[in-house]
There are 2 protein chains.
Amino acid sequence: MALQQDIKVAVDAVVFGYESKGNLSVLLIRRGVDPFKNTWALPGGLVLEHESLEAAVKRELKEETGVTMDYLEQLYTFGKPKRDPRNRVVSVSYFGLVRPNHFKIKADTDADEAKWFPVNDLPKLAFDHKTIFNTAEKRLKGKLLYQPIGFDLLSAEFPFSDLEHLYATILGQDIDRRNFRKKIMSFGFVEETNKIQQVRSGRPAKLFKFNKQKYDALLDNGFYFDIKFV
Amino acid sequence: MALQQDIKVAVDAVVFGYESKGNLSVLLIRRGVDPFKNTWALPGGLVLEHESLEAAVKRELKEETGVTMDYLEQLYTFGKPKRDPRNRVVSVSYFGLVRPNHFKIKADTDADEAKWFPVNDLPKLAFDHKTIFNTAEKRLKGKLLYQPIGFDLLSAEFPFSDLEHLYATILGQDIDRRNFRKKIMSFGFVEETNKIQQVRSGRPAKLFKFNKQKYDALLDNGFYFDIKFV
DNA sequence: CCAAAAGTGTTCCACCTACACCCATGG
DNA sequence: CCATGGGTGTAGGTGGAACACTTTTGG
């Protein structure tokens, strides 16, 4: 390894938030340091010497926003030479999906402020973070169509309508309630409980739960989850 | 950027080869330097200071094997702390698909030898390259099901049976010729020419060509390319 | 009794599946 | 005329799509 190389390795996280019947949002920080001081950016930062990439992204996310996540999926690695005006930085990006209200967000290291922004009303972003965000959004939507990643976002027991709203919100389209329900139920990884929702208004709903065993078994065989929109 | 970090950034390429009615193979090099001297490995190496990741992987591939490629798709970034026994190295991996006979392969920098290996008869690989290979193979098969990436592998004008063999080989399964043909033709991105194949044996075949415009248009709208195996 | 959301069934149609024989050529 | 691969149609079944009214509760 005679070659001289001075490239830094960073990680960035695109964390989407979805709250029951809410909108889809992304978690951003306002940078407290130059470059791009005071500009909004994705949480992230340099990888430590003996830290895995995944550990790094979780650590940065926690430090900068207070959000802790079990699972972030690797998205893409951005490495164009001029991404960062200082050194050359290669960024390995990750994305994930959480319920914002589960966290009290608070800025810390290198960030002046952390905040959720609706995905269709983003501020100007630092570096090439808009590109990273776009890549993540596309992947999120695509993934939802062949893997129900949405279950982490629902309570352990949820009314069926929560699932409908989740899909409709993330994909930004309306779905046919009857057909959606038939299809989901046909997969067998959502099961009815015998509990009833505490009513908000209207008819009380049965609660459902997610059967992870059946879901994992299906995933192994590869299934395609085609949803029809109206 | 006060932080000290000494991580190197490398790229590795998983290049699959498919030849008409041949087998699926991967391009490997035999390492000429330590560590893992004389062990087979994926072509790859460190990224140069002012070089994009994609340029780096193409350059390394060319240097080590003589193979030049227009398009390699980013696969995954491997960054566990102990991947490389020397420094810490983060590897951005790429994969692609070519016709081996189009190239005269020849080893050069850091490689003693470059050679195609059938995918189901690989030697022991250096570093975590087996993991990288497995990831690539899975992605290749998955991708073929929803995006006909196979067209680069066929002549500009090809008999339909070439397409059948391509799919059957990469996916490792037999397909129903009639149904496969109907399905492909229904998409509209394969068009009949009025030319006839120079005969090898048996009945001469009509030649077909690929309509990239129609294909790209379809891709934008997202289509799923479900193939039934016998 | 009105508002709000949950729950539910059927018909039609498109597409997928299974399946086997004849065709055109070269040797 | 034989071997080799190319080319083709149909019938039955499955599953997706479209579609609207009734139920249960709270206010």
# chains A, B, ... in the order shown; residues from 1 in each chain; ligands from 1
>>> select_by_dssp(residues="chain A", states="alpha helix (DSSP H)", output="ChimeraX atom specification")
/A:53-65,129-146,160-171,177-187,212-221
>>> residues_around(residues="DG26 (chain D)", least_positions_apart="6", cutoff="9 Å", atoms="only C-alpha atoms (C1' of nucleotides)", output="list of chain:residue names")
A:Val199, A:Arg200, A:Ser201, A:Gly202, A:Arg203
>>> atom_distance(atom1="CA of Pro118 (chain B)", atom2="CA of Leu28 (chain B)")
10.5 Å
>>> interface_residues(of="chain B", to="chain D", cutoff="12 Å", atoms="only C-alpha atoms (C1' of nucleotides)", output="PyMOL selection string")
chain B and resi 159-162+177-179+181-182+196-197+199-207
>>> write_last_selection(atoms="C-alpha atoms", output="mmCIF file, in the first residue's frame")
data_model
loop_
_atom_site.group_PDB
_atom_site.id
_atom_site.type_symbol
_atom_site.label_atom_id
_atom_site.label_comp_id
_atom_site.auth_asym_id
_atom_site.auth_seq_id
_atom_site.Cartn_x
_atom_site.Cartn_y
_atom_site.Cartn_z
ATOM 1 C CA PRO B 159 -32.122 -14.645 -32.323
ATOM 2 C CA PHE B 160 -34.760 -14.967 -29.658
ATOM 3 C CA SER B 161 -33.216 -18.099 -28.311
ATOM 4 C CA ASP B 162 -30.188 -16.117 -27.168
ATOM 5 C CA ARG B 177 -40.146 -20.810 -24.369
ATOM 6 C CA ARG B 178 -43.610 -19.897 -25.599
ATOM 7 C CA ASN B 179 -44.675 -17.993 -22.542
ATOM 8 C CA ARG B 181 -41.538 -15.052 -25.738
ATOM 9 C CA LYS B 182 -45.102 -13.838 -25.424
ATOM 10 C CA ILE B 196 -32.530 -13.934 -40.778
ATOM 11 C CA GLN B 197 -29.753 -15.516 -38.844
ATOM 12 C CA VAL B 199 -27.624 -20.755 -39.859
ATOM 13 C CA ARG B 200 -25.712 -22.925 -37.489
ATOM 14 C CA SER B 201 -28.002 -25.929 -37.654
ATOM 15 C CA GLY B 202 -31.718 -26.356 -37.615
ATOM 16 C CA ARG B 203 -34.186 -23.833 -38.854
ATOM 17 C CA PRO B 204 -32.795 -20.314 -39.325
ATOM 18 C CA ALA B 205 -34.044 -17.786 -36.800
ATOM 19 C CA LYS B 206 -35.418 -14.309 -37.253
ATOM 20 C CA LEU B 207 -33.268 -11.654 -35.657
#
>>> closest_residue(among="A:Ile170, A:Leu125, A:Val11, A:Val47", to="chain B", atoms="only C-alpha atoms")
A:Val47
>>> closest_atom_pairs(of="chain C", to="chain A", cutoff="6 Å", atoms="only C-alpha atoms (C1' of nucleotides)", output="CSV")
residue,atom,partner,partner_atom,distance
C:DA4,C1',A:Gly202,CA,4.3
C:DA5,C1',A:Gly202,CA,4.5
C:DA6,C1',A:Arg203,CA,5.7
>>> atom_distance(atom1="CA of Pro81 (chain B)", atom2="CA of Glu51 (chain A)")
6.4 Å
>>> interface_residues(of="chain B", to="chain A", cutoff="7 Å", atoms="only C-alpha atoms", output="list in words")
Gln5, Asp6, Ile7, Lys8, Val9, Leu48, Glu49, His50, Glu51, Ser52, Leu53, Thr77, Gly79, Lys80 and Pro81 of chain B
>>> residues_around(residues="Asp70 (chain B)", least_positions_apart="6", cutoff="12 Å", atoms="only C-alpha atoms (C1' of nucleotides)", output="PyMOL selection string")
chain B and resi 54-55+57-59+61-62+95-98+152
>>> write_last_selection(atoms="C-alpha atoms", output="PDB file, in the first residue's frame")
ATOM      1  CA  GLU B  54     -16.669   4.823 -10.689  1.00  0.00           C
ATOM      2  CA  ALA B  55     -13.538   5.948 -12.502  1.00  0.00           C
ATOM      3  CA  VAL B  57     -13.227   0.833 -10.325  1.00  0.00           C
ATOM      4  CA  LYS B  58     -13.006   1.011 -14.105  1.00  0.00           C
ATOM      5  CA  ARG B  59      -9.352   1.870 -13.942  1.00  0.00           C
ATOM      6  CA  LEU B  61     -10.460  -3.376 -13.626  1.00  0.00           C
ATOM      7  CA  LYS B  62      -8.627  -2.361 -16.738  1.00  0.00           C
ATOM      8  CA  PHE B  95     -20.966  -5.181 -10.339  1.00  0.00           C
ATOM      9  CA  GLY B  96     -21.527  -5.619 -14.032  1.00  0.00           C
ATOM     10  CA  LEU B  97     -22.117  -8.107 -16.761  1.00  0.00           C
ATOM     11  CA  VAL B  98     -20.143  -8.600 -19.985  1.00  0.00           C
ATOM     12  CA  ASP B 152     -25.844  -5.570 -23.260  1.00  0.00           C
TER      13      ASP B 152
END
>>> atom_distance(atom1="CA of Tyr18 (chain B)", atom2="CA of Leu153 (chain B)")
7.1 Å
>>> select_by_dssp(residues="region 40-156 of chain B", states="strand (DSSP E)", output="ChimeraX atom specification")
/B:40-41,44-46,73-78,88-98,111-118
>>> residues_around(residues="His102 (chain B)", least_positions_apart="3", cutoff="10 Å", atoms="only C-alpha atoms (C1' of nucleotides)", output="ChimeraX atom specification")
/B:19,67-68,98-99,105
